[in-house]
Amino acid sequence: MEPTNRSRRTSTPRFAPIAAVALIGCCLGGRTGFALDPEKAVTQYVHDIWSKENGLPHNTIEDIVQTPDGYIWIATLGGLVRFDGVKFTVFNAGNTKGFVNDRVTALAVTEDGSLWCGTEEGSLLRLEDGIFTNVGPLGDTVPIPVYALLPSRDGSLWVGTYGGGLRRLKDGKSSAYTTEEGLPNDIVLSLYEDAEGSLWAGTDGGGLVRIKGGEMSVYTRRNGLSSDYVYAICGDRDGSLWIGTYGGGLDRLRDGSVDVYRVKDGLSSEFISALYPDRDGNLWIGSYGGGLDRMRNGRFSSYTKKNGLSNNIVITFFEDAGGGLWIGTRGGLERLTGGAFTTYSTAEGMSDDTALAVYQDREGSMWVGTRGGLNRLKDGAFTTYTTANGLSIDTVAALSEDLSGNLWVGTSGGGLNRMRNGVFTTLTTKDGLPDDIIWTVMADRSNRVWIGTPSGLAVLENGSVRVYTAKDGLTNERVMALHEDRRGDLWIGTDGGGICILREGHFTSYTMKDGLSGDYVSTFYEDREGTLWIGTWGGGLSRFKDGRFTTCTLKQGLTQPIIHQVIEDDRGSFWIRGNESIARVDRKELEDCAAGSRENVKLVAYGRKDGIKREESDDAAYQPAAWKDRDGRLWFVTIEGVVSVNPDEIISNERPPTVYTENLIADHETFVPAKAMPLLVPPGTRRFEFHYTGLSPIGPEKIRFKFKLDGLDDDWTDAGTARVASYTHLPPGPYVFRVIACNSDGIWNREGASLSFRVLPYFFQTRWFYGGCGVFLLLLGPGIHLFRVRHLRARQKQLASQVEAAMSQIRVLKGLLPICASCKRIRDDAGYWNQMEVYVRDHSEAEFSHGICPDCMERLYPGYSGKNHDNSVDG
């Protein structure tokens with residue numbers, strides 16, 4: 001057999017530690033709407049599918065486990081994936097240290113909560129405290145692909161490989177079991193440990209191996225196995241060992257004998273790829289090409305691509321702590337969960353998926369009118385009636401039973417049918433009906449049958465038909481709803497004319513002018529106190545009490561303005577079948593709103609996650625669109641079957657979600673929280689993104705969050721369902737990011753989760769820098785003064801020096817000068833006699849210029865003295 005055809009190993013249960021299950025199960029003391037109800041057909045479960053379009057790195061899912069913190073982990077051929085129920089986080093060689101190959105093939109969770117991953121190239125990785133450690137390749141020379149992982153009770157980790165036999169890791173040591181040690185084949189595809197501690201290993205062609213107390217036993221076709229290619233192994237409650245083989249079908253080993261189940265016994269395929277026993281004792285079987293089967297009480301039921309499976313190659317199963325069944329296929333990740341509602345459609349035997357009317361007869365049978373005929377549900381099985389059985393037309397729009405046990409069937413175009421003892425008779429316009437389109441039919445307490453049509457109101461009494469039209473007082477001839485109140489008056493809802501009341505042969509009417517919320521009246525409901533509730537098209541819900549109308553509309557909290565039907569359960573809640581959803585509201589809230597003591601009401605809407613395949617109803621206002629049966633179950637029509645719910649089984653989720661802070665992304669750098677260590681963010685970081693999550697097996701997408709940043713925020717920020725918070729330009733310093741969350745029922749986890757971190761400063765933003773600057777400033781004043789004094793003193797010295805230098809250039813003549821009395825020469829210090837001007841020039845800065853005074857001029861130059869008496873002449 002080619003290796004490409006052997007893509008899987010095991011689907012043996014790989015449970016998280018018991019303490020973790022207690023923490024994250026949210027089991028609420030019993031079965032929840034999330035867990036699979038074994039009484040339902042597989043087709044009635046809620047089916048979710050995720051693929052590459054939703055964030056998976058690859059559509060081939062090799063293995064699935066759940067760790068104690070509640071995360072689902074998925075092994076894919078594109079990396080390891082962590083899933084919180086809303087978003088996927090991928091770990092691979094491109095973003096995670098330790099990974100050398102993206103093709104992850106096997107997973108296991110050990111008792112200490114560590115996650116182990118095996119890859120196709122032979123690496124074995126361990127995730128502990130948020131850190132991946134690569135234990136190393138299993139092969140000494142050639143990498144050996146890992147195909148199966150199994151933690152055993154003695155603390156060992158068993159590893160099944162493709163070509164390397166069986167490996168056992170314990171206390172840091174590794175031991176091998178290969179063909180040299182007696183293993184029949186070195187390709188080990190599946191592993192299982194039974195209650196006695198025996199290890200069972202399925203091989204590719206060597207049969208089944210049992211290792212107990214060091215002894216090895218081999219089971220093959222010679223011992224009764226249908227095939228020696230064992231691809232999956234698991235055990236059940238009675239000690240049986242189930243063996244999935246490739247080509248031989250499903251084997252059951254019990255008390256030494258083997259029973260074989262094949263296609264002829266109900267299996268979809270004999271090429272078994274995965275096995276899983278769930279908590280209710282059902283055995284889930286995956287195959288190559290046949291989709292999946294559920295074996296319950298010895299009977300098989302299949303679920304394939306035709307029913308909605310993404311791919312008919314099923315590789316692995318896993319049941320989570322909440323009871324949901326996860327399925328790994330070649331088409332992606334899938335999950336089956338339960339739901340409070342149960343849907344009946346063509347998959348369960350109905351003639352058509354579009355349900356128009358639902359009704360319970362006196363014998364307890366449920367009748368469903370569809371666009372493809374009339375259906376009777378009794379003892380869990382449908383019987384279909386169409387034109388082939390005498391029905392006038394296959395579009396059944398209205399149902400009612402009279403006091404004689406006749407079932408009256410209104411059709412859309414085929415008139416009115418009466419079914420008695422399985423035989424149909426028909427009334428049409430030829431028999432006096434105003435129209436062959438029947439919108440509503442009602443048998444009253446006098447055994448009269450009232451018929452609402454687009455052309456008037458008709459009543460059938462004692463075999464004759466009477467018609468009421470506008471001439472008789474109808475405000476509008478298009479009759480959509482009928483109701484007989486406790487006094488025997490007939491209430492008539494019209495398409496545009498409001499309400500007409502027929503009392504003792506006379507009509508009275510109410511319209512919007514009288515306070516009615518809308519003139520298009522589609523349904524009536526009379527409660528236990530005799531108050532009448534009126535559903536309208538576009539106007540919401542009106543209450544008629546004490547002769548007065550009050551209204552609840554979208555403004556008061558209604559989720560939709562078009563109401564097809566209103567019914568009340570045994571707990572006092574009203575259920576509203578609108579055109580787009582099914583919703584529940586507390587009757588007291590409606591009463592208080594109508595009385596004016598309450599501004600709005602709170603509706604709880606139900607949808608696909610609750611087991612309803614499609615929430616919408618047909619656009620036409622056929623009756624009845626909802627029904628409460630004798631056991632208190634409620635029934636509603638939808639465009640994909642009829643759904644039922646027991647209101648008593650709708651249990652609030654009292655467990656708050658588990659909250660985690662996953663990482664901090666600071667300017668594109670990712671920081672993962674570490675135990676007891678605050679994260680250190682580099683200085684200058686501008687953008688901060690905090691990624692957080694909440695885990696709950698019930699409605700994780702409805703979890704709401706609040707967050708705050710200690711050190712910046714004074715109050716909580718309501719984030720809604722968003723799982724990321726952003727901040728920008730945080731100053732340096734310590735911070736604590738906190739997040740709390742509540743589940744879909746409003747139960748808060750107020751302890752939440754936190755992430756401590758510190759934004760580091762630049763050196764000039766540090767305390768020592770600021771302190772140094774402070775000291776510097778403190779010392780700067782005296783320093784400046786001292787510097788100024790020193791400067792002035794230096795300047796003073798400089799000026800003094802300059803003065804001294806200047807003064808040194810000034811020569812002062814003083815003392816006694818020896819001068820000749822005759823020639824006026826002066827004797828210098830050397831004893832020489834010098835002309836006066838020469839002596840003065842040499843001993844001062846004075847210079848001489850020569851001229852002649854007037855007296856000398858007169859004496860020496862008498863001829864010129866008169867002309868130049870006032871002037872001197874320079875020489």
# chains A, B, ... in the order shown; residues from 1 in each chain; ligands from 1

$ residues_around --residues "stretch 243-249 of chain A" --least-positions-apart "2" --cutoff "6 Å" --atoms "only C-alpha atoms" --output "mmCIF file with all heavy atoms, in the first residue's frame"
data_model
loop_
_atom_site.group_PDB
_atom_site.id
_atom_site.type_symbol
_atom_site.label_atom_id
_atom_site.label_comp_id
_atom_site.auth_asym_id
_atom_site.auth_seq_id
_atom_site.Cartn_x
_atom_site.Cartn_y
_atom_site.Cartn_z
ATOM 1 N N SER A 226 -10.008 -8.587 10.347
ATOM 2 C CA SER A 226 -10.444 -8.487 8.952
ATOM 3 C C SER A 226 -9.342 -7.996 8.047
ATOM 4 O O SER A 226 -9.378 -8.219 6.836
ATOM 5 C CB SER A 226 -11.643 -7.534 8.849
ATOM 6 O OG SER A 226 -11.277 -6.223 9.282
ATOM 7 N N SER A 227 -8.326 -7.318 8.605
ATOM 8 C CA SER A 227 -7.209 -6.800 7.822
ATOM 9 C C SER A 227 -6.030 -6.587 8.745
ATOM 10 O O SER A 227 -6.195 -6.339 9.950
ATOM 11 C CB SER A 227 -7.601 -5.480 7.142
ATOM 12 O OG SER A 227 -6.476 -4.878 6.540
ATOM 13 N N TYR A 229 -3.978 -4.130 8.244
ATOM 14 C CA TYR A 229 -3.702 -2.691 8.183
ATOM 15 C C TYR A 229 -4.625 -1.998 9.193
ATOM 16 O O TYR A 229 -5.802 -1.758 8.929
ATOM 17 C CB TYR A 229 -3.927 -2.158 6.773
ATOM 18 C CG TYR A 229 -2.977 -2.770 5.769
ATOM 19 C CD1 TYR A 229 -3.298 -3.944 5.096
ATOM 20 C CD2 TYR A 229 -1.747 -2.182 5.511
ATOM 21 C CE1 TYR A 229 -2.431 -4.522 4.186
ATOM 22 C CE2 TYR A 229 -0.863 -2.741 4.603
ATOM 23 C CZ TYR A 229 -1.203 -3.908 3.944
ATOM 24 O OH TYR A 229 -0.334 -4.475 3.043
ATOM 25 N N VAL A 230 -4.057 -1.716 10.361
ATOM 26 C CA VAL A 230 -4.843 -1.174 11.474
ATOM 27 C C VAL A 230 -4.579 0.328 11.586
ATOM 28 O O VAL A 230 -3.483 0.749 11.964
ATOM 29 C CB VAL A 230 -4.489 -1.885 12.794
ATOM 30 C CG1 VAL A 230 -5.278 -1.282 13.948
ATOM 31 C CG2 VAL A 230 -4.758 -3.377 12.666
ATOM 32 N N TYR A 231 -5.597 1.116 11.258
ATOM 33 C CA TYR A 231 -5.424 2.563 11.207
ATOM 34 C C TYR A 231 -5.990 3.284 12.421
ATOM 35 O O TYR A 231 -5.695 4.458 12.638
ATOM 36 C CB TYR A 231 -6.093 3.112 9.936
ATOM 37 C CG TYR A 231 -5.228 2.990 8.712
ATOM 38 C CD1 TYR A 231 -4.358 1.919 8.559
ATOM 39 C CD2 TYR A 231 -5.283 3.935 7.697
ATOM 40 C CE1 TYR A 231 -3.566 1.800 7.439
ATOM 41 C CE2 TYR A 231 -4.493 3.830 6.579
ATOM 42 C CZ TYR A 231 -3.629 2.757 6.442
ATOM 43 O OH TYR A 231 -2.836 2.633 5.337
ATOM 44 N N ALA A 232 -6.832 2.656 13.220
ATOM 45 C CA ALA A 232 -7.425 3.316 14.385
ATOM 46 C C ALA A 232 -7.794 2.284 15.433
ATOM 47 O O ALA A 232 -8.196 1.159 15.101
ATOM 48 C CB ALA A 232 -8.658 4.117 13.978
ATOM 49 N N ILE A 233 -7.641 2.671 16.705
ATOM 50 C CA ILE A 233 -7.957 1.781 17.830
ATOM 51 C C ILE A 233 -8.613 2.607 18.931
ATOM 52 O O ILE A 233 -8.226 3.751 19.181
ATOM 53 C CB ILE A 233 -6.693 1.124 18.429
ATOM 54 C CG1 ILE A 233 -5.719 0.669 17.338
ATOM 55 C CG2 ILE A 233 -7.060 -0.031 19.346
ATOM 56 C CD1 ILE A 233 -4.353 0.312 17.890
ATOM 57 N N ASP A 251 -13.595 -3.838 13.249
ATOM 58 C CA ASP A 251 -13.492 -5.060 14.041
ATOM 59 C C ASP A 251 -13.731 -4.749 15.519
ATOM 60 O O ASP A 251 -13.358 -3.679 16.012
ATOM 61 C CB ASP A 251 -12.099 -5.688 13.897
ATOM 62 C CG ASP A 251 -11.825 -6.166 12.478
ATOM 63 O OD1 ASP A 251 -12.734 -6.066 11.632
ATOM 64 O OD2 ASP A 251 -10.693 -6.598 12.218
ATOM 65 N N TYR A 261 -17.687 -5.692 11.246
ATOM 66 C CA TYR A 261 -18.786 -4.911 10.671
ATOM 67 C C TYR A 261 -18.325 -4.343 9.340
ATOM 68 O O TYR A 261 -17.255 -3.734 9.248
ATOM 69 C CB TYR A 261 -19.192 -3.774 11.615
ATOM 70 C CG TYR A 261 -19.693 -4.238 12.956
ATOM 71 C CD1 TYR A 261 -18.814 -4.492 14.007
ATOM 72 C CD2 TYR A 261 -21.058 -4.419 13.182
ATOM 73 C CE1 TYR A 261 -19.280 -4.920 15.242
ATOM 74 C CE2 TYR A 261 -21.534 -4.843 14.420
ATOM 75 C CZ TYR A 261 -20.637 -5.092 15.445
ATOM 76 O OH TYR A 261 -21.090 -5.514 16.664
ATOM 77 N N ARG A 262 -19.180 -4.563 8.325
ATOM 78 C CA ARG A 262 -18.832 -4.110 6.987
ATOM 79 C C ARG A 262 -19.954 -3.241 6.420
ATOM 80 O O ARG A 262 -20.918 -2.900 7.120
ATOM 81 C CB ARG A 262 -18.560 -5.308 6.081
ATOM 82 C CG ARG A 262 -17.372 -6.170 6.524
ATOM 83 C CD ARG A 262 -17.132 -7.304 5.556
ATOM 84 N NE ARG A 262 -16.006 -8.145 5.945
ATOM 85 C CZ ARG A 262 -14.740 -7.912 5.600
ATOM 86 N NH1 ARG A 262 -14.444 -6.834 4.867
ATOM 87 N NH2 ARG A 262 -13.780 -8.729 5.976
ATOM 88 N N GLU A 270 -15.486 0.644 4.267
ATOM 89 C CA GLU A 270 -14.683 -0.339 4.989
ATOM 90 C C GLU A 270 -13.236 0.110 5.136
ATOM 91 O O GLU A 270 -12.404 -0.629 5.665
ATOM 92 C CB GLU A 270 -14.761 -1.692 4.275
ATOM 93 C CG GLU A 270 -16.166 -2.281 4.330
ATOM 94 C CD GLU A 270 -16.301 -3.589 3.562
ATOM 95 O OE1 GLU A 270 -15.289 -4.026 2.943
ATOM 96 O OE2 GLU A 270 -17.398 -4.175 3.577
ATOM 97 N N PHE A 271 -12.952 1.331 4.705
ATOM 98 C CA PHE A 271 -11.613 1.895 4.833
ATOM 99 C C PHE A 271 -11.652 2.894 6.005
ATOM 100 O O PHE A 271 -11.901 4.086 5.825
ATOM 101 C CB PHE A 271 -11.175 2.565 3.536
ATOM 102 C CG PHE A 271 -11.030 1.606 2.401
ATOM 103 C CD1 PHE A 271 -12.130 1.271 1.609
ATOM 104 C CD2 PHE A 271 -9.810 1.009 2.125
ATOM 105 C CE1 PHE A 271 -12.007 0.372 0.558
ATOM 106 C CE2 PHE A 271 -9.677 0.106 1.081
ATOM 107 C CZ PHE A 271 -10.774 -0.220 0.298
ATOM 108 N N ILE A 272 -11.411 2.357 7.194
ATOM 109 C CA ILE A 272 -11.593 3.134 8.425
ATOM 110 C C ILE A 272 -10.331 3.933 8.723
ATOM 111 O O ILE A 272 -9.214 3.395 8.718
ATOM 112 C CB ILE A 272 -11.919 2.212 9.611
ATOM 113 C CG1 ILE A 272 -13.090 1.288 9.266
ATOM 114 C CG2 ILE A 272 -12.228 3.052 10.854
ATOM 115 C CD1 ILE A 272 -14.354 1.998 8.893
#

$ residues_around --residues "A:Glu529" --least-positions-apart "6" --cutoff "12 Å" --atoms "only C-alpha atoms" --output "PyMOL selection string"
chain A and resi 485-486+544-546+591

$ write_last_selection --atoms "C-alpha atoms" --output "PDB file, in the first residue's frame"
ATOM      1  CA  ASP A 485     -62.063  34.416  22.389  1.00  0.00           C
ATOM      2  CA  ARG A 486     -63.336  33.009  25.667  1.00  0.00           C
ATOM      3  CA  PHE A 544     -55.774  44.809  24.125  1.00  0.00           C
ATOM      4  CA  LYS A 545     -56.834  45.046  27.750  1.00  0.00           C
ATOM      5  CA  ASP A 546     -59.764  46.787  29.401  1.00  0.00           C
ATOM      6  CA  GLU A 591     -46.893  43.939  30.785  1.00  0.00           C
TER       7      GLU A 591
END

$ select_by_dssp --residues "stretch 414-596 of chain A" --states "strand (DSSP E)" --output "JSON, numbers by chain"
{"A": [416, 417, 418, 419, 420, 423, 424, 425, 426, 427, 440, 441, 442, 443, 449, 450, 451, 452, 453, 456, 457, 458, 459, 460, 461, 464, 465, 466, 467, 468, 479, 480, 481, 482, 483, 484, 490, 491, 492, 493, 494, 499, 500, 501, 502, 503, 506, 507, 508, 509, 510, 521, 522, 523, 524, 525, 526, 532, 533, 534, 535, 536, 541, 542, 543, 544, 545, 548, 549, 550, 551, 552, 563, 564, 565, 566, 567, 568, 573, 574, 575, 576, 577, 578, 582, 583, 584, 585, 586]}

$ select_by_dssp --residues "stretch 372-489 of chain A" --states "helix (DSSP H, G or I)" --output "number ranges by chain"
A: 387-389, 429-431, 470-472

$ closest_residue --among "A:Val86, A:Leu333, A:Ile665, A:Leu169" --to "A:Thr60" --atoms "only C-alpha atoms"
A:Leu333

$ residues_around --residues "stretch 181-187 of chain A" --least-positions-apart "5" --cutoff "7 Å" --atoms "only C-alpha atoms" --output "list in words"
Thr161, Tyr162, Gly163, Gly164, Gly165, Thr203, Asp204, Gly205 and Gly206 of chain A

$ residues_around --residues "stretch 717-720 of chain A" --least-positions-apart "5" --cutoff "6 Å" --atoms "only C-alpha atoms" --output "PDB file with C-alpha atoms, in the first residue's frame"
ATOM      1  CA  ARG A 704     -18.256  40.606  25.635  1.00  0.00           C
ATOM      2  CA  PHE A 705     -15.227  42.367  27.128  1.00  0.00           C
ATOM      3  CA  LYS A 706     -14.220  45.438  29.096  1.00  0.00           C
ATOM      4  CA  PHE A 707     -10.645  46.638  29.527  1.00  0.00           C
TER       5      PHE A 707
END

$ residues_around --residues "stretch 73-82 of chain A" --least-positions-apart "5" --cutoff "6 Å" --atoms "only C-alpha atoms" --output "JSON list (two decimals) with N, CA and C atoms, in the first residue's frame"
[["chain", "number", "residue", "atom", "x", "y", "z"],
["A", 57, "PRO", "N", -4.30, 27.58, 8.26],
["A", 57, "PRO", "CA", -3.21, 27.61, 7.27],
["A", 57, "PRO", "C", -3.31, 26.50, 6.23],
["A", 58, "HIS", "N", -4.09, 25.45, 6.54],
["A", 58, "HIS", "CA", -4.22, 24.32, 5.62],
["A", 58, "HIS", "C", -5.53, 23.62, 5.93],
["A", 60, "THR", "N", -6.16, 20.37, 5.56],
["A", 60, "THR", "CA", -6.00, 19.00, 6.03],
["A", 60, "THR", "C", -5.70, 19.01, 7.53],
["A", 61, "ILE", "N", -6.63, 18.46, 8.30],
["A", 61, "ILE", "CA", -6.52, 18.47, 9.76],
["A", 61, "ILE", "C", -6.06, 17.08, 10.21],
["A", 62, "GLU", "N", -4.89, 17.01, 10.81],
["A", 62, "GLU", "CA", -4.30, 15.73, 11.18],
["A", 62, "GLU", "C", -4.66, 15.28, 12.60],
["A", 63, "ASP", "N", -4.83, 16.22, 13.51],
["A", 63, "ASP", "CA", -5.10, 15.84, 14.89],
["A", 63, "ASP", "C", -5.70, 17.03, 15.64],
["A", 64, "ILE", "N", -6.42, 16.75, 16.73],
["A", 64, "ILE", "CA", -7.08, 17.79, 17.52],
["A", 64, "ILE", "C", -7.00, 17.41, 18.99],
["A", 65, "VAL", "N", -6.62, 18.35, 19.87],
["A", 65, "VAL", "CA", -6.62, 18.13, 21.31],
["A", 65, "VAL", "C", -7.07, 19.42, 22.01],
["A", 66, "GLN", "N", -7.26, 19.32, 23.31],
["A", 66, "GLN", "CA", -7.60, 20.49, 24.12],
["A", 66, "GLN", "C", -6.67, 20.52, 25.32],
["A", 88, "PHE", "N", -8.06, 32.03, 14.98],
["A", 88, "PHE", "CA", -6.97, 31.06, 14.90],
["A", 88, "PHE", "C", -5.63, 31.78, 15.06],
["A", 89, "THR", "N", -4.73, 31.14, 15.80],
["A", 89, "THR", "CA", -3.35, 31.62, 15.91],
["A", 89, "THR", "C", -2.45, 30.50, 15.41],
["A", 90, "VAL", "N", -1.61, 30.82, 14.44],
["A", 90, "VAL", "CA", -0.79, 29.80, 13.77],
["A", 90, "VAL", "C", 0.65, 29.87, 14.27],
["A", 91, "PHE", "N", 1.22, 28.71, 14.57],
["A", 91, "PHE", "CA", 2.63, 28.58, 14.95],
["A", 91, "PHE", "C", 3.31, 27.70, 13.90],
["A", 92, "ASN", "N", 4.36, 28.23, 13.30],
["A", 92, "ASN", "CA", 5.07, 27.46, 12.28],
["A", 92, "ASN", "C", 6.53, 27.87, 12.24],
["A", 102, "ASP", "N", 6.54, 22.63, 8.97],
["A", 102, "ASP", "CA", 5.17, 23.07, 9.19],
["A", 102, "ASP", "C", 4.15, 21.94, 9.16],
["A", 103, "ARG", "N", 4.54, 20.77, 8.74],
["A", 103, "ARG", "CA", 3.60, 19.66, 8.58],
["A", 103, "ARG", "C", 3.49, 18.90, 9.91],
["A", 104, "VAL", "N", 2.54, 19.37, 10.73],
["A", 104, "VAL", "CA", 2.33, 18.79, 12.06],
["A", 104, "VAL", "C", 1.34, 17.63, 11.92],
["A", 105, "THR", "N", 1.71, 16.47, 12.42],
["A", 105, "THR", "CA", 0.93, 15.26, 12.16],
["A", 105, "THR", "C", 0.30, 14.63, 13.39]]

$ residues_around --residues "stretch 382-399 of chain A" --least-positions-apart "5" --cutoff "8 Å" --atoms "only C-alpha atoms" --output "PyMOL selection string"
chain A and resi 348-351+356-359+369-377+407-415+417+423-426+438-442+622-624

$ write_last_selection --atoms "C-alpha atoms" --output "short mmCIF file (atom, residue, chain, number, x, y, z; two decimals), in the first residue's frame"
data_model
loop_
_atom_site.label_atom_id
_atom_site.label_comp_id
_atom_site.auth_asym_id
_atom_site.auth_seq_id
_atom_site.Cartn_x
_atom_site.Cartn_y
_atom_site.Cartn_z
CA GLU A 348 -35.45 13.39 8.78
CA GLY A 349 -38.14 12.42 6.28
CA MET A 350 -40.22 15.53 5.61
CA SER A 351 -41.52 16.01 2.08
CA LEU A 356 -45.70 26.88 6.44
CA ALA A 357 -47.98 25.67 9.27
CA VAL A 358 -47.69 23.40 12.31
CA TYR A 359 -50.45 21.82 14.40
CA GLY A 369 -47.80 21.87 6.16
CA THR A 370 -45.07 22.55 3.61
CA ARG A 371 -44.68 23.65 0.02
CA GLY A 372 -44.24 19.99 -0.80
CA GLY A 373 -47.17 18.36 0.93
CA LEU A 374 -48.63 17.51 4.33
CA ASN A 375 -46.49 15.69 6.91
CA ARG A 376 -47.45 13.76 10.02
CA LEU A 377 -44.87 13.16 12.75
CA LEU A 407 -58.28 17.67 9.99
CA TRP A 408 -58.91 20.73 7.86
CA VAL A 409 -56.11 21.54 5.47
CA GLY A 410 -55.97 24.91 3.78
CA THR A 411 -53.92 25.08 0.60
CA SER A 412 -52.49 27.90 -1.47
CA GLY A 413 -54.51 27.51 -4.61
CA GLY A 414 -56.23 24.18 -4.07
CA GLY A 415 -59.00 25.24 -1.73
CA ASN A 417 -59.21 19.86 2.18
CA VAL A 423 -59.14 10.17 2.98
CA PHE A 424 -59.23 13.69 1.51
CA THR A 425 -62.24 15.63 0.26
CA THR A 426 -61.97 19.13 -1.19
CA ILE A 438 -56.57 29.67 2.06
CA TRP A 439 -54.56 31.77 4.49
CA THR A 440 -56.04 30.56 7.75
CA VAL A 441 -58.58 28.01 8.97
CA MET A 442 -60.10 27.60 12.45
CA TYR A 622 -49.88 31.25 7.03
CA GLN A 623 -51.42 29.87 10.23
CA PRO A 624 -50.51 28.56 12.67
#

$ residues_around --residues "A:Tyr303" --least-positions-apart "2" --cutoff "10 Å" --atoms "only C-alpha atoms" --output "short mmCIF file (atom, residue, chain, number, x, y, z; two decimals) with N, CA, C and O atoms, in the first residue's frame"
data_model
loop_
_atom_site.label_atom_id
_atom_site.label_comp_id
_atom_site.auth_asym_id
_atom_site.auth_seq_id
_atom_site.Cartn_x
_atom_site.Cartn_y
_atom_site.Cartn_z
N ALA A 41 -30.89 12.72 15.78
CA ALA A 41 -30.18 12.22 14.60
C ALA A 41 -28.95 13.08 14.37
O ALA A 41 -28.90 14.25 14.78
N VAL A 42 -27.93 12.52 13.74
CA VAL A 42 -26.71 13.28 13.47
C VAL A 42 -27.03 14.52 12.64
O VAL A 42 -26.43 15.58 12.82
N THR A 43 -27.99 14.39 11.75
CA THR A 43 -28.37 15.53 10.90
C THR A 43 -29.00 16.66 11.68
O THR A 43 -29.13 17.78 11.16
N SER A 268 -20.56 3.03 6.18
CA SER A 268 -20.49 3.79 4.93
C SER A 268 -19.29 3.38 4.10
O SER A 268 -19.29 3.50 2.88
N GLY A 286 -14.72 7.35 11.39
CA GLY A 286 -14.34 8.11 10.21
C GLY A 286 -13.74 7.20 9.17
O GLY A 286 -13.11 6.19 9.50
N GLY A 290 -16.04 7.73 2.87
CA GLY A 290 -17.40 7.44 3.31
C GLY A 290 -17.93 8.41 4.34
O GLY A 290 -19.01 8.19 4.89
N GLY A 291 -17.17 9.48 4.63
CA GLY A 291 -17.61 10.42 5.64
C GLY A 291 -17.49 9.83 7.03
O GLY A 291 -16.52 9.17 7.36
N LEU A 292 -18.51 10.07 7.86
CA LEU A 292 -18.49 9.52 9.21
C LEU A 292 -19.78 8.75 9.50
O LEU A 292 -20.82 8.98 8.88
N ASP A 293 -19.66 7.83 10.45
CA ASP A 293 -20.80 7.06 10.94
C ASP A 293 -20.85 7.17 12.45
O ASP A 293 -19.82 7.30 13.12
N ARG A 294 -22.06 7.13 12.98
CA ARG A 294 -22.25 7.01 14.42
C ARG A 294 -22.89 5.66 14.68
O ARG A 294 -23.93 5.33 14.10
N SER A 301 -25.62 5.21 11.71
CA SER A 301 -26.22 6.32 10.97
C SER A 301 -25.07 7.13 10.37
O SER A 301 -24.06 7.38 11.03
N LYS A 305 -20.78 14.21 2.92
CA LYS A 305 -20.74 15.51 2.23
C LYS A 305 -22.14 15.91 1.77
O LYS A 305 -22.47 17.10 1.72
N LYS A 306 -22.95 14.95 1.48
CA LYS A 306 -24.33 15.22 1.07
C LYS A 306 -25.11 15.90 2.18
O LYS A 306 -26.00 16.73 1.93
N ASN A 307 -24.77 15.59 3.43
CA ASN A 307 -25.46 16.18 4.58
C ASN A 307 -24.82 17.48 5.06
O ASN A 307 -25.36 18.14 5.94
N GLY A 308 -23.66 17.83 4.49
CA GLY A 308 -23.00 19.06 4.89
C GLY A 308 -21.56 18.91 5.31
O GLY A 308 -20.88 19.92 5.56
N LEU A 309 -21.04 17.68 5.38
CA LEU A 309 -19.64 17.48 5.70
C LEU A 309 -18.78 18.10 4.60
O LEU A 309 -19.12 18.02 3.42
N ASN A 312 -15.42 13.94 2.51
CA ASN A 312 -15.75 12.58 2.96
C ASN A 312 -14.55 11.80 3.47
O ASN A 312 -14.68 10.65 3.85
#

$ atom_distance --atom1 "atom CA of A:Arg222" --atom2 "atom CA of A:Gly266"
25.1 Å

$ atom_distance --atom1 "atom CA of A:Gly98" --atom2 "atom CA of A:Gly55"
22.2 Å

$ atom_distance --atom1 "atom CA of A:Asp353" --atom2 "atom CA of A:Pro454"
25.0 Å
